[in-house]
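Input: a single structure, listed below in structure tokens.
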Amino acid sequence: MKAETQANKEVEASPPSSAAATPGDRRHGRLILLAIVAIGVLPLLAALYFRYVSPPEVKATVGQPLDPIPLPFEFLQRSDGAALEHPAVSGKWLLIFVAPGGCDERCQHTLYLTRQARTAQGRNVARLDRLWLITDAGTPAPALMAAHPDLVMIRATDAMALEALGGKDSRKINLVDRRGLLVFRYSDDPEPKAFIRELGKLIKF
């Protein structure tokens, strides 16, 4: 009997399982809640900070981005008189250099640069074709063409096509995307490494 009475006293003395949480438990719970809120709010605060307070510096492109305009392919033809294939058919980007057929030393340098830029694309080299839009009646030297076997010579049959690519005296390098849209324009002597790197990023699209 005495043993039973002692057991009852011990049961009465033990705290119930539903007793209120200790201050330490409540503090731990608040910390967890604050961590959950922080996970949701901090990315938003960071985005607002970099958008309005300290926007990251935007690296300038090598070429001049253009408002995309359709290149009038109907007014461009190959040197043999055949129509120039539209990129929508070939699936390629086009690098078009505009210069007279005589091709002085500076012109030759640009052709070399575009050749190196295309070759440097490695496994993506097949995504890019080089074209030379000859702006006069001149004929390039055979030795020059032999040095650029992948280069396609074209001529404009209408002033509109020539103007779209910068004009007769522009000597610009133009980039046309796979939809047939003129999207970038470069000088005839861009910084080689930056030019190659930028082309590589663009033609992946």
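Ordered as shown in the structure tokens, chains take letters A, B, and onward, while each chain numbers its residues from 1 and ligands are numbered from 1 in the order shown.
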
Query raised in the report: In region 63-167 of chain A, what's helix (DSSP H, G or I) per DSSP? Answer as a PyMOL selection string?
Result: chain A and resi 73-75+87-90+105-119+122-127+142-146+159-164

Requested in this report: With a distance cut-off of 9 Å and only C-alpha atoms, select the neighbouring residues of Arg171 (chain A), excluding the residue or stretch itself and same-chain residues fewer than 6 positions from it, and output the selection as an NGL selection string.
Outcome: :A and (97-100 or 107 or 187-188)

**Report entry** Two-atom distance - CA of Ile154 (chain A), CA of Leu84 (chain A) (Å)
**Finding:**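 Taking CA of Ile154 (chain A) and CA of Leu84 (chain A), their separation equals 7.8 Å.
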
Query raised in the report: Would you give me, as number ranges by chain, the residues in region 9-205 of chain A that DSSP reads as strand (DSSP E)?
Result: A: 64-70, 76-78, 93-99, 128-134, 152-156, 173-176, 181-186

How would the residues just chosen look if you wrote them out with C-alpha atoms as an mmCIF file, in the first residue's frame?
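As written to disk, again.cif reads:
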```cif
data_model
loop_
_atom_site.group_PDB
_atom_site.id
_atom_site.type_symbol
_atom_site.label_atom_id
_atom_site.label_comp_id
_atom_site.auth_asym_id
_atom_site.auth_seq_id
_atom_site.Cartn_x
_atom_site.Cartn_y
_atom_site.Cartn_z
ATOM 1 C CA GLN A 64 27.113 48.694 -82.563
ATOM 2 C CA PRO A 65 23.792 46.997 -81.796
ATOM 3 C CA LEU A 66 21.175 47.871 -84.409
ATOM 4 C CA ASP A 67 17.416 47.872 -84.321
ATOM 5 C CA PRO A 68 16.910 44.583 -86.194
ATOM 6 C CA ILE A 69 15.908 45.240 -89.795
ATOM 7 C CA PRO A 70 15.335 42.712 -92.580
ATOM 8 C CA LEU A 76 21.834 40.815 -103.335
ATOM 9 C CA GLN A 77 23.418 38.248 -105.639
ATOM 10 C CA ARG A 78 26.575 36.183 -105.823
ATOM 11 C CA TRP A 93 24.729 33.832 -89.452
ATOM 12 C CA LEU A 94 26.332 36.091 -92.053
ATOM 13 C CA LEU A 95 29.354 38.341 -91.560
ATOM 14 C CA ILE A 96 29.229 40.838 -94.432
ATOM 15 C CA PHE A 97 32.139 43.181 -95.163
ATOM 16 C CA VAL A 98 31.481 46.147 -97.462
ATOM 17 C CA ALA A 99 34.418 47.397 -99.588
ATOM 18 C CA LEU A 128 28.894 31.530 -89.631
ATOM 19 C CA ASP A 129 29.536 32.463 -93.276
ATOM 20 C CA ARG A 130 31.746 35.328 -94.509
ATOM 21 C CA LEU A 131 30.597 37.512 -97.376
ATOM 22 C CA TRP A 132 32.297 40.393 -99.150
ATOM 23 C CA LEU A 133 29.933 42.921 -100.665
ATOM 24 C CA ILE A 134 31.905 44.527 -103.496
ATOM 25 C CA VAL A 152 31.608 34.510 -100.793
ATOM 26 C CA MET A 153 31.654 37.546 -103.091
ATOM 27 C CA ILE A 154 28.324 39.329 -103.565
ATOM 28 C CA ARG A 155 27.068 42.477 -105.245
ATOM 29 C CA ALA A 156 24.089 44.733 -104.601
ATOM 30 C CA ILE A 173 31.476 44.657 -91.013
ATOM 31 C CA ASN A 174 27.806 43.742 -90.658
ATOM 32 C CA LEU A 175 26.315 40.801 -88.786
ATOM 33 C CA VAL A 176 23.075 39.246 -90.023
ATOM 34 C CA LEU A 181 17.877 40.476 -89.776
ATOM 35 C CA LEU A 182 20.746 42.942 -89.639
ATOM 36 C CA VAL A 183 21.583 43.110 -85.913
ATOM 37 C CA PHE A 184 25.178 44.374 -85.404
ATOM 38 C CA ARG A 185 27.679 46.607 -87.171
ATOM 39 C CA TYR A 186 31.441 46.750 -86.560
#
```

Query raised in the report: Excluding same-chain residues fewer than 4 positions from region 85-91 of chain A, what lies within 6 Å of it counting only C-alpha atoms, as a list in words?
Result: Arg178, Arg179 and Gly180 of chain A

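For the choices A:Asp177, A:Pro149, A:Glu191, A:Arg106, the atom-to-atom distance to Arg127 (chain A) is smallest for A:Asp177 when using only C-alpha atoms.
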
Query raised in the report: Between CA of Met160 (chain A) and CA of His109 (chain A), what is the spacing in Å?
Result: 27.0 Å

Report task. Considering only C-alpha atoms, state which residue in the set A:Cys103, A:Ala147, A:Ile39, A:Ala120 is at the smallest distance from Glu198 (chain A). Result -> A:Ala120
